[in-house]
file data30.cif (mmCIF, C-alpha atoms)
data_structure
loop_
_atom_site.group_PDB
_atom_site.id
_atom_site.type_symbol
_atom_site.label_atom_id
_atom_site.label_comp_id
_atom_site.auth_asym_id
_atom_site.auth_seq_id
_atom_site.Cartn_x
_atom_site.Cartn_y
_atom_site.Cartn_z
ATOM 1 C CA MET A 1 76.590 166.615 76.531
ATOM 2 C CA GLY A 2 80.019 168.149 76.704
ATOM 3 C CA LEU A 3 80.491 166.781 80.223
ATOM 4 C CA GLY A 4 79.447 163.287 79.125
ATOM 5 C CA LEU A 5 82.005 163.286 76.385
ATOM 6 C CA ASP A 6 84.706 164.419 78.805
ATOM 7 C CA THR A 7 84.054 161.642 81.344
ATOM 8 C CA ARG A 8 83.980 159.061 78.578
ATOM 9 C CA ARG A 9 87.292 160.337 77.316
ATOM 10 C CA GLU A 10 88.658 160.276 80.860
ATOM 11 C CA VAL A 11 87.654 156.638 81.301
ATOM 12 C CA ARG A 12 89.209 155.750 77.984
ATOM 13 C CA ASP A 13 92.384 157.674 78.896
ATOM 14 C CA SER A 14 92.698 155.969 82.284
ATOM 15 C CA GLU A 15 92.264 152.575 80.663
ATOM 16 C CA ALA A 16 94.824 153.425 78.030
ATOM 17 C CA ALA A 17 97.192 154.316 80.849
ATOM 18 C CA VAL A 18 97.026 150.818 82.344
ATOM 19 C CA LEU A 19 97.650 149.071 79.026
ATOM 20 C CA PRO A 20 101.443 148.806 79.605
ATOM 21 C CA LEU A 21 100.690 147.344 83.029
ATOM 22 C CA ILE A 22 98.467 144.705 81.467
ATOM 23 C CA ASN A 23 101.178 143.940 78.943
ATOM 24 C CA ILE A 24 103.739 143.346 81.671
ATOM 25 C CA VAL A 25 101.336 141.293 83.783
ATOM 26 C CA PHE A 26 100.432 139.204 80.733
ATOM 27 C CA LEU A 27 104.107 138.575 80.043
ATOM 28 C CA LEU A 28 104.724 137.561 83.669
ATOM 29 C CA LEU A 29 101.724 135.257 83.562
ATOM 30 C CA ALA A 30 102.937 133.624 80.362
ATOM 31 C CA PHE A 31 106.426 133.260 81.858
ATOM 32 C CA PHE A 32 105.180 131.511 84.985
ATOM 33 C CA ILE A 33 102.884 129.226 83.020
ATOM 34 C CA ILE A 34 105.627 128.191 80.601
ATOM 35 C CA ALA A 35 108.738 128.165 82.818
ATOM 36 C CA GLY A 36 107.211 126.894 86.029
ATOM 37 C CA GLN A 37 105.673 123.576 86.840
ATOM 38 C CA LEU A 38 102.991 123.002 89.419
ATOM 39 C CA MET A 39 104.430 122.026 92.771
ATOM 40 C CA HIS A 40 103.552 118.805 94.511
ATOM 41 C CA LEU A 41 104.214 119.618 98.120
ATOM 42 C CA PRO A 42 105.052 116.594 100.254
ATOM 43 C CA PRO A 43 103.707 116.404 103.823
ATOM 44 C CA PHE A 44 107.329 116.569 105.050
ATOM 45 C CA GLU A 45 110.503 118.328 103.970
ATOM 46 C CA VAL A 46 112.428 116.647 101.174
ATOM 47 C CA ASN A 47 115.744 117.858 99.796
ATOM 48 C CA PRO A 48 116.764 115.743 96.815
ATOM 49 C CA PRO A 49 120.525 115.455 96.255
ATOM 50 C CA THR A 50 122.079 118.122 94.060
ATOM 51 C CA LEU A 51 123.493 116.271 91.100
ATOM 52 C CA GLY A 52 123.379 116.633 87.342
ATOM 53 C CA GLY A 53 120.869 114.198 85.908
ATOM 54 C CA ASP A 54 119.057 113.571 82.658
ATOM 55 C CA PRO A 55 116.216 115.984 81.934
ATOM 56 C CA ILE A 56 112.677 114.878 82.789
ATOM 57 C CA ASP A 57 110.788 114.885 79.491
ATOM 58 C CA MET A 58 107.312 113.816 80.516
ATOM 59 C CA PRO A 59 105.377 114.892 83.588
ATOM 60 C CA PRO A 60 105.018 112.014 86.034
ATOM 61 C CA GLU A 61 101.698 110.347 86.804
ATOM 62 C CA VAL A 62 102.635 109.212 90.291
ATOM 63 C CA ILE A 63 104.991 111.064 92.618
ATOM 64 C CA ILE A 64 106.567 109.282 95.561
ATOM 65 C CA HIS A 65 108.311 111.351 98.217
ATOM 66 C CA MET A 66 110.710 109.899 100.750
ATOM 67 C CA ALA A 67 111.723 111.738 103.932
ATOM 68 C CA PRO A 68 115.202 111.429 105.503
ATOM 69 C CA ASP A 69 113.834 108.856 107.974
ATOM 70 C CA GLY A 70 112.301 106.762 105.181
ATOM 71 C CA THR A 71 108.716 107.992 105.627
ATOM 72 C CA LEU A 72 106.804 107.737 102.358
ATOM 73 C CA ALA A 73 104.152 109.818 100.654
ATOM 74 C CA ILE A 74 102.359 109.108 97.406
ATOM 75 C CA ASP A 75 100.887 112.072 95.520
ATOM 76 C CA SER A 76 101.492 114.285 98.575
ATOM 77 C CA ARG A 77 99.569 111.964 100.925
ATOM 78 C CA PRO A 78 101.380 110.037 103.663
ATOM 79 C CA THR A 79 101.523 106.297 103.148
ATOM 80 C CA ASN A 80 103.564 103.296 104.202
ATOM 81 C CA ARG A 81 105.460 100.747 102.188
ATOM 82 C CA THR A 82 102.747 98.086 102.260
ATOM 83 C CA ARG A 83 100.029 100.442 101.031
ATOM 84 C CA LEU A 84 102.372 101.929 98.425
ATOM 85 C CA GLU A 85 103.227 98.508 97.015
ATOM 86 C CA GLN A 86 99.559 97.558 97.070
ATOM 87 C CA ARG A 87 98.603 100.671 95.128
ATOM 88 C CA LEU A 88 101.401 100.261 92.576
ATOM 89 C CA GLY A 89 100.562 96.570 92.261
ATOM 90 C CA GLU A 90 96.924 97.466 91.528
ATOM 91 C CA MET A 91 98.002 99.947 88.841
ATOM 92 C CA VAL A 92 100.249 97.387 87.182
ATOM 93 C CA GLY A 93 97.481 94.764 87.535
ATOM 94 C CA HIS A 94 95.124 97.035 85.624
ATOM 95 C CA GLY A 95 97.556 97.086 82.719
ATOM 96 C CA MET A 96 98.905 100.567 83.492
ATOM 97 C CA ASN A 97 102.586 101.296 83.504
ATOM 98 C CA PRO A 98 102.545 104.644 85.285
ATOM 99 C CA ARG A 99 105.396 107.097 84.973
ATOM 100 C CA ILE A 100 106.671 107.285 88.522
ATOM 101 C CA GLN A 101 108.875 110.000 89.926
ATOM 102 C CA ILE A 102 110.700 109.185 93.144
ATOM 103 C CA ILE A 103 111.864 112.244 95.050
ATOM 104 C CA ALA A 104 113.973 110.997 97.918
ATOM 105 C CA ASP A 105 115.898 113.108 100.395
ATOM 106 C CA GLY A 106 119.668 113.076 99.939
ATOM 107 C CA GLY A 107 120.135 112.081 103.558
ATOM 108 C CA VAL A 108 117.981 108.960 103.449
ATOM 109 C CA GLU A 109 119.740 105.618 103.912
ATOM 110 C CA ALA A 110 120.795 104.313 100.498
ATOM 111 C CA ASN A 111 119.591 100.833 101.436
ATOM 112 C CA THR A 112 116.088 102.073 102.236
ATOM 113 C CA VAL A 113 115.826 103.374 98.663
ATOM 114 C CA ILE A 114 117.354 100.229 97.172
ATOM 115 C CA THR A 115 114.887 98.074 99.120
ATOM 116 C CA LEU A 116 111.983 100.228 97.934
ATOM 117 C CA LEU A 117 113.169 100.014 94.310
ATOM 118 C CA THR A 118 113.657 96.256 94.594
ATOM 119 C CA ARG A 119 110.158 95.759 95.936
ATOM 120 C CA MET A 120 108.679 98.117 93.358
ATOM 121 C CA ARG A 121 110.406 96.060 90.692
ATOM 122 C CA ALA A 122 108.924 92.924 92.273
ATOM 123 C CA ALA A 123 105.483 94.578 92.120
ATOM 124 C CA GLY A 124 105.959 94.968 88.354
ATOM 125 C CA VAL A 125 106.994 98.624 88.144
ATOM 126 C CA GLU A 126 109.793 99.246 85.679
ATOM 127 C CA THR A 127 110.705 102.837 86.557
ATOM 128 C CA THR A 128 113.696 103.071 88.819
ATOM 129 C CA ASP A 129 114.732 106.665 88.250
ATOM 130 C CA LEU A 130 115.551 108.883 91.160
ATOM 131 C CA THR A 131 115.041 112.606 91.091
ATOM 132 C CA THR A 132 117.883 115.033 91.647
ATOM 133 C CA ARG A 133 118.044 118.774 91.902
ATOM 134 C CA GLN A 134 119.989 120.117 88.958
ATOM 135 C CA PRO A 135 123.001 122.160 90.071
ATOM 136 C CA MET B 1 74.880 149.877 50.435
ATOM 137 C CA THR B 2 76.012 153.169 51.958
ATOM 138 C CA ALA B 3 73.501 152.784 54.802
ATOM 139 C CA SER B 4 74.845 149.368 55.813
ATOM 140 C CA THR B 5 78.334 150.592 56.684
ATOM 141 C CA PRO B 6 77.407 152.679 59.779
ATOM 142 C CA ALA B 7 75.001 149.920 60.856
ATOM 143 C CA ILE B 8 77.920 147.472 61.122
ATOM 144 C CA ARG B 9 80.229 149.958 62.785
ATOM 145 C CA ALA B 10 77.804 151.008 65.527
ATOM 146 C CA PRO B 11 77.493 147.650 67.376
ATOM 147 C CA ALA B 12 81.219 147.027 67.073
ATOM 148 C CA SER B 13 82.144 150.268 68.815
ATOM 149 C CA ARG B 14 79.494 149.631 71.486
ATOM 150 C CA SER B 15 80.864 146.161 72.226
ATOM 151 C CA VAL B 16 84.347 147.567 72.538
ATOM 152 C CA ARG B 17 83.061 149.918 75.193
ATOM 153 C CA LEU B 18 81.295 147.022 76.967
ATOM 154 C CA ILE B 19 84.587 145.240 77.716
ATOM 155 C CA ARG B 20 86.194 147.137 80.550
ATOM 156 C CA LEU B 21 89.841 146.575 81.205
ATOM 157 C CA THR B 22 89.692 146.747 85.004
ATOM 158 C CA PRO B 23 87.953 143.360 85.599
ATOM 159 C CA LEU B 24 90.274 141.850 83.014
ATOM 160 C CA ILE B 25 93.304 143.091 84.964
ATOM 161 C CA ASP B 26 91.773 141.721 88.170
ATOM 162 C CA VAL B 27 91.422 138.260 86.715
ATOM 163 C CA ILE B 28 94.884 138.307 85.172
ATOM 164 C CA PHE B 29 96.376 139.456 88.468
ATOM 165 C CA ILE B 30 94.662 136.597 90.296
ATOM 166 C CA LEU B 31 95.917 134.110 87.691
ATOM 167 C CA LEU B 32 99.418 135.550 87.976
ATOM 168 C CA ILE B 33 99.406 135.253 91.768
ATOM 169 C CA PHE B 34 98.102 131.683 91.523
ATOM 170 C CA PHE B 35 100.794 130.588 89.125
ATOM 171 C CA MET B 36 103.519 132.388 91.095
ATOM 172 C CA LEU B 37 102.522 130.612 94.308
ATOM 173 C CA ALA B 38 101.643 127.203 92.910
ATOM 174 C CA SER B 39 104.545 126.676 90.524
ATOM 175 C CA THR B 40 108.175 126.046 91.126
ATOM 176 C CA LEU B 41 111.081 127.072 88.948
ATOM 177 C CA GLU B 42 113.359 124.454 90.504
ATOM 178 C CA ASP B 43 114.964 122.282 87.874
ATOM 179 C CA HIS B 44 114.796 118.559 88.512
ATOM 180 C CA GLY B 45 116.735 115.823 86.794
ATOM 181 C CA ARG B 46 116.566 112.067 86.908
ATOM 182 C CA VAL B 47 119.249 109.491 87.537
ATOM 183 C CA PRO B 48 118.510 105.936 86.450
ATOM 184 C CA LEU B 49 119.414 103.254 88.962
ATOM 185 C CA GLY B 50 119.783 99.632 87.949
ATOM 186 C CA ILE B 51 118.585 97.087 90.461
ATOM 187 C CA ALA B 52 120.304 93.710 90.416
ATOM 188 C CA GLU B 53 117.975 90.859 89.570
ATOM 189 C CA GLY B 54 117.715 88.065 92.099
ATOM 190 C CA ARG B 55 120.486 85.916 90.629
ATOM 191 C CA ALA B 56 122.986 88.679 89.940
ATOM 192 C CA SER B 57 124.378 88.628 93.431
ATOM 193 C CA SER B 58 125.310 84.946 93.312
ATOM 194 C CA GLU B 59 125.893 84.213 89.624
ATOM 195 C CA ARG B 60 129.545 83.865 88.576
ATOM 196 C CA PRO B 61 130.935 86.125 91.251
ATOM 197 C CA THR B 62 134.415 86.091 89.689
ATOM 198 C CA ASP B 63 133.152 88.132 86.728
ATOM 199 C CA ARG B 64 131.843 90.843 88.928
ATOM 200 C CA ILE B 65 133.422 94.084 89.926
ATOM 201 C CA HIS B 66 131.970 94.750 93.320
ATOM 202 C CA ILE B 67 131.967 98.167 94.955
ATOM 203 C CA GLU B 68 131.189 98.257 98.631
ATOM 204 C CA LEU B 69 130.280 101.661 100.024
ATOM 205 C CA ALA B 70 130.889 102.006 103.746
ATOM 206 C CA PRO B 71 130.526 105.146 105.856
ATOM 207 C CA ASP B 72 134.295 105.324 106.310
ATOM 208 C CA GLY B 73 135.583 104.214 102.912
ATOM 209 C CA VAL B 74 135.119 102.404 99.639
ATOM 210 C CA THR B 75 136.365 98.999 98.589
ATOM 211 C CA VAL B 76 136.493 97.701 95.028
ATOM 212 C CA ASN B 77 136.696 93.908 94.976
ATOM 213 C CA GLY B 78 137.880 94.029 98.556
ATOM 214 C CA ALA B 79 140.682 96.561 98.070
ATOM 215 C CA LEU B 80 140.304 99.819 99.948
ATOM 216 C CA ILE B 81 140.598 102.835 97.633
ATOM 217 C CA ALA B 82 140.074 106.581 97.759
ATOM 218 C CA ALA B 83 136.571 107.794 96.982
ATOM 219 C CA ASP B 84 137.759 109.801 93.957
ATOM 220 C CA ASP B 85 139.420 106.797 92.316
ATOM 221 C CA ILE B 86 136.379 104.499 92.126
ATOM 222 C CA SER B 87 135.795 104.818 88.382
ATOM 223 C CA GLU B 88 139.532 104.525 87.687
ATOM 224 C CA ALA B 89 139.710 101.332 89.780
ATOM 225 C CA VAL B 90 136.643 99.896 88.061
ATOM 226 C CA LEU B 91 138.075 100.661 84.616
ATOM 227 C CA GLN B 92 141.304 98.971 85.683
ATOM 228 C CA HIS B 93 139.368 95.829 86.709
ATOM 229 C CA ARG B 94 137.401 96.035 83.449
ATOM 230 C CA ARG B 95 140.618 95.833 81.459
ATOM 231 C CA GLU B 96 141.587 92.712 83.373
ATOM 232 C CA THR B 97 138.193 90.995 83.174
ATOM 233 C CA PRO B 98 136.256 92.442 80.228
ATOM 234 C CA GLY B 99 132.469 92.267 80.345
ATOM 235 C CA GLY B 100 132.212 91.939 84.087
ATOM 236 C CA ILE B 101 129.145 93.607 85.533
ATOM 237 C CA VAL B 102 129.564 96.243 88.190
ATOM 238 C CA THR B 103 127.639 95.828 91.419
ATOM 239 C CA ILE B 104 127.314 98.275 94.278
ATOM 240 C CA ARG B 105 126.279 97.506 97.798
ATOM 241 C CA ALA B 106 125.788 100.237 100.367
ATOM 242 C CA ARG B 107 126.413 99.499 104.001
ATOM 243 C CA GLU B 108 124.365 100.973 106.788
ATOM 244 C CA GLY B 109 125.079 104.646 107.330
ATOM 245 C CA VAL B 110 125.638 105.470 103.648
ATOM 246 C CA GLY B 111 123.296 108.181 102.414
ATOM 247 C CA LEU B 112 121.486 108.303 99.108
ATOM 248 C CA ALA B 113 123.434 111.377 97.997
ATOM 249 C CA ARG B 114 126.694 109.436 98.215
ATOM 250 C CA LEU B 115 125.297 106.456 96.315
ATOM 251 C CA LEU B 116 123.994 108.701 93.544
ATOM 252 C CA ARG B 117 127.300 110.550 93.367
ATOM 253 C CA THR B 118 129.107 107.225 92.961
ATOM 254 C CA THR B 119 126.800 106.040 90.173
ATOM 255 C CA ALA B 120 127.078 109.454 88.493
ATOM 256 C CA ASP B 121 130.890 109.186 88.629
ATOM 257 C CA LEU B 122 130.723 105.735 87.048
ATOM 258 C CA ARG B 123 128.336 106.928 84.349
ATOM 259 C CA GLY B 124 130.643 109.842 83.678
ATOM 260 C CA ALA B 125 133.462 107.350 83.111
ATOM 261 C CA GLY B 126 131.306 105.428 80.618
ATOM 262 C CA ILE B 127 130.298 102.618 82.973
ATOM 263 C CA ASN B 128 126.554 102.376 82.522
ATOM 264 C CA ASP B 129 125.670 98.806 83.490
ATOM 265 C CA VAL B 130 125.741 99.226 87.225
ATOM 266 C CA ALA B 131 123.527 97.036 89.382
ATOM 267 C CA LEU B 132 122.632 97.844 92.947
ATOM 268 C CA LEU B 133 122.550 94.995 95.415
ATOM 269 C CA PRO B 134 120.092 95.038 98.272
ATOM 270 C CA ALA B 135 121.565 95.107 101.747
ATOM 271 C CA ALA B 136 122.914 91.846 103.093
ATOM 272 C CA GLU B 137 120.286 89.824 104.944
ATOM 273 C CA ARG B 138 120.112 90.830 108.542
#
call {"tool": "encode", "arguments": {"input": "data30.cif", "output": "structure tokens"}}
result
Amino acid sequence: MGLGLDTRREVRDSEAAVLPLINIVFLLLAFFIIAGQLMHLPPFEVNPPTLGGDPIDMPPEVIIHMAPDGTLAIDSRPTNRTRLEQRLGEMVGHGMNPRIQIIADGGVEANTVITLLTRMRAAGVETTDLTTRQP
Amino acid sequence: MTASTPAIRAPASRSVRLIRLTPLIDVIFILLIFFMLASTLEDHGRVPLGIAEGRASSERPTDRIHIELAPDGVTVNGALIAADDISEAVLQHRRETPGGIVTIRAREGVGLARLLRTTADLRGAGINDVALLPAAER
């Protein structure tokens, strides 16, 4: 009886000892959930230009990545311009106006981006915002 | 009445003992690791870019203030200027021809970073209606 009580107290004591640990871990968890945003990793390396831009208020529905050589990816899957336009055209055709985030590498030819934006506009997409990395 | 009080207390204390903290910590640790690996703390911003409509490149070209970005320099309405003076030159042209729209064309070899820096400079100087022209037909 006395032994049983002792072990129970030991268990309770050891659990009480980890309570500060749980507190810290909970705080870290809350921090990462609130401060971080889930990454959308492109299939290639993309370094957007470092430049102060307007804050992004709403999470995007479609993410387009553009590599330095102009290679495209939509929602982290490689694509080409024709398929991209087709997909965006379908979305617009279905009455959607998706929030699109374009993350283009700073080293990509400016004209490649302008051509893409022009053709996206022709496909009916209104968003022409480019993503920057805040300094 | 007096007998009901211990009856309520007994299951409560037993249920407290049923929840062990160790599995809870395990799950929270796994969640923490997931969010640390899957999330990014990098801060992104957005820069709006105006695309010239089809007619803008040909309509009333005298009203326009045209910036041409080349790999080795910048011209504003044909006059070569220093890269830092673009917004000043555009404002100067604005005073001469009020209401003229500003167009930018990038030549081959000009990177996106440079184009965005130029538009950011113009926006910083209060010039917001900037239209980008697609590359000249090749």
call {"tool": "resolve_selection", "arguments": {"input": "data30.cif", "expression": "the PyMOL selection byres ((chain A and resi 114-122) around 8)", "output": "list in words"}}
result
Arg81, Glu85, Leu88, Ala110, Asn111, Thr112, Val113, Ala123, Gly124, Val125, Glu126, Thr127 and Thr128 of chain A; Ile51, Leu132, Leu133, Pro134 and Ala135 of chain B
call {"tool": "write_last_selection", "arguments": {"input": "data30.cif", "atoms": "C-alpha atoms", "output": "compact mmCIF listing (two decimals), in the frame of the given file"}}
result
# COMPACT_ATOMS: atom_id res chain seq x y z
CA ARG A 81 105.46 100.75 102.19
CA GLU A 85 103.23 98.51 97.02
CA LEU A 88 101.40 100.26 92.58
CA ALA A 110 120.80 104.31 100.50
CA ASN A 111 119.59 100.83 101.44
CA THR A 112 116.09 102.07 102.24
CA VAL A 113 115.83 103.37 98.66
CA ALA A 123 105.48 94.58 92.12
CA GLY A 124 105.96 94.97 88.35
CA VAL A 125 106.99 98.62 88.14
CA GLU A 126 109.79 99.25 85.68
CA THR A 127 110.70 102.84 86.56
CA THR A 128 113.70 103.07 88.82
CA ILE B 51 118.58 97.09 90.46
CA LEU B 132 122.63 97.84 92.95
CA LEU B 133 122.55 95.00 95.42
CA PRO B 134 120.09 95.04 98.27
CA ALA B 135 121.56 95.11 101.75
call {"tool": "resolve_selection", "arguments": {"input": "data30.cif", "expression": "the PyMOL selection byres ((chain B) within 9 of (chain A))", "output": "ChimeraX atom specification"}}
result
/B:17,20-22,24-25,28-29,31-33,35-53,105-117,120,132-135
call {"tool": "resolve_selection", "arguments": {"input": "data30.cif", "expression": "the PyMOL selection byres ((chain B and resi 87-99) around 10)", "output": "PyMOL selection string"}}
result
chain B and resi 62-67+75-77+79+81-86+100-102+118-127+129
call {"tool": "write_last_selection", "arguments": {"input": "data30.cif", "atoms": "C-alpha atoms", "output": "mmCIF file, in the coordinates of the input"}}
result
data_model
loop_
_atom_site.group_PDB
_atom_site.id
_atom_site.type_symbol
_atom_site.label_atom_id
_atom_site.label_comp_id
_atom_site.auth_asym_id
_atom_site.auth_seq_id
_atom_site.Cartn_x
_atom_site.Cartn_y
_atom_site.Cartn_z
ATOM 1 C CA THR B 62 134.415 86.091 89.689
ATOM 2 C CA ASP B 63 133.152 88.132 86.728
ATOM 3 C CA ARG B 64 131.843 90.843 88.928
ATOM 4 C CA ILE B 65 133.422 94.084 89.926
ATOM 5 C CA HIS B 66 131.970 94.750 93.320
ATOM 6 C CA ILE B 67 131.967 98.167 94.955
ATOM 7 C CA THR B 75 136.365 98.999 98.589
ATOM 8 C CA VAL B 76 136.493 97.701 95.028
ATOM 9 C CA ASN B 77 136.696 93.908 94.976
ATOM 10 C CA ALA B 79 140.682 96.561 98.070
ATOM 11 C CA ILE B 81 140.598 102.835 97.633
ATOM 12 C CA ALA B 82 140.074 106.581 97.759
ATOM 13 C CA ALA B 83 136.571 107.794 96.982
ATOM 14 C CA ASP B 84 137.759 109.801 93.957
ATOM 15 C CA ASP B 85 139.420 106.797 92.316
ATOM 16 C CA ILE B 86 136.379 104.499 92.126
ATOM 17 C CA GLY B 100 132.212 91.939 84.087
ATOM 18 C CA ILE B 101 129.145 93.607 85.533
ATOM 19 C CA VAL B 102 129.564 96.243 88.190
ATOM 20 C CA THR B 118 129.107 107.225 92.961
ATOM 21 C CA THR B 119 126.800 106.040 90.173
ATOM 22 C CA ALA B 120 127.078 109.454 88.493
ATOM 23 C CA ASP B 121 130.890 109.186 88.629
ATOM 24 C CA LEU B 122 130.723 105.735 87.048
ATOM 25 C CA ARG B 123 128.336 106.928 84.349
ATOM 26 C CA GLY B 124 130.643 109.842 83.678
ATOM 27 C CA ALA B 125 133.462 107.350 83.111
ATOM 28 C CA GLY B 126 131.306 105.428 80.618
ATOM 29 C CA ILE B 127 130.298 102.618 82.973
ATOM 30 C CA ASP B 129 125.670 98.806 83.490
#
call {"tool": "closest_residue", "arguments": {"input": "data30.cif", "among": "A:Met66, A:Ile100, A:Glu45, A:Gly95", "to": "Thr79 in chain A", "atoms": "only C-alpha atoms"}}
result
A:Met66
call {"tool": "atom_distance", "arguments": {"input": "data30.cif", "atom1": "CA of Met58 in chain A", "atom2": "CA of Ile30 in chain B"}}
result
27.8 Å
call {"tool": "axis_aligned_box", "arguments": {"input": "data30.cif", "around": "range 97-100 of chain A", "padding_each_side": "8 Å", "output": "JSON"}}
result
{"center_x": 104.6, "center_y": 104.3, "center_z": 86.0, "size_x": 20.1, "size_y": 22.0, "size_z": 21.0}
call {"tool": "closest_residue", "arguments": {"input": "data30.cif", "among": "A:Ala67, A:Ile74, A:Val62, A:Leu84", "to": "Met96 in chain A", "atoms": "all atoms listed in the file"}}
result
A:Val62
call {"tool": "atom_distance", "arguments": {"input": "data30.cif", "atom1": "CA of Asp75 in chain A", "atom2": "CA of Pro42 in chain A"}}
result
7.8 Å
call {"tool": "atom_distance", "arguments": {"input": "data30.cif", "atom1": "CA of Pro78 in chain A", "atom2": "CA of Asn97 in chain A"}}
result
22.0 Å
call {"tool": "build_atoms", "arguments": {"input": "data30.cif", "residues": "range 109-123 of chain A", "atoms": "N, CA and C atoms", "output": "short mmCIF file (atom, residue, chain, number, x, y, z; two decimals), keeping the file's coordinate frame"}}
result
data_model
loop_
_atom_site.label_atom_id
_atom_site.label_comp_id
_atom_site.auth_asym_id
_atom_site.auth_seq_id
_atom_site.Cartn_x
_atom_site.Cartn_y
_atom_site.Cartn_z
N GLU A 109 118.85 106.78 104.04
CA GLU A 109 119.74 105.62 103.91
C GLU A 109 119.64 105.05 102.49
N ALA A 110 120.79 104.84 101.86
CA ALA A 110 120.80 104.31 100.50
C ALA A 110 120.05 102.98 100.42
N ASN A 111 120.21 102.15 101.47
CA ASN A 111 119.59 100.83 101.44
C ASN A 111 118.07 100.89 101.50
N THR A 112 117.54 101.92 102.17
CA THR A 112 116.09 102.07 102.24
C THR A 112 115.54 102.29 100.82
N VAL A 113 116.26 103.11 100.04
CA VAL A 113 115.83 103.37 98.66
C VAL A 113 115.98 102.12 97.81
N ILE A 114 117.12 101.43 97.98
CA ILE A 114 117.35 100.23 97.17
C ILE A 114 116.28 99.18 97.47
N THR A 115 115.93 99.03 98.75
CA THR A 115 114.89 98.07 99.12
C THR A 115 113.56 98.46 98.48
N LEU A 116 113.24 99.77 98.54
CA LEU A 116 111.98 100.23 97.93
C LEU A 116 111.97 99.93 96.44
N LEU A 117 113.10 100.24 95.75
CA LEU A 117 113.17 100.01 94.31
C LEU A 117 113.06 98.53 93.99
N THR A 118 113.72 97.70 94.81
CA THR A 118 113.66 96.26 94.59
C THR A 118 112.22 95.75 94.71
N ARG A 119 111.52 96.23 95.73
CA ARG A 119 110.16 95.76 95.94
C ARG A 119 109.20 96.34 94.91
N MET A 120 109.50 97.56 94.44
CA MET A 120 108.68 98.12 93.36
C MET A 120 108.87 97.30 92.09
N ARG A 121 110.12 96.90 91.85
CA ARG A 121 110.41 96.06 90.69
C ARG A 121 109.65 94.74 90.81
N ALA A 122 109.64 94.18 92.04
CA ALA A 122 108.92 92.92 92.27
C ALA A 122 107.42 93.10 92.05
N ALA A 123 106.91 94.32 92.32
CA ALA A 123 105.48 94.58 92.12
C ALA A 123 105.16 94.81 90.64
#
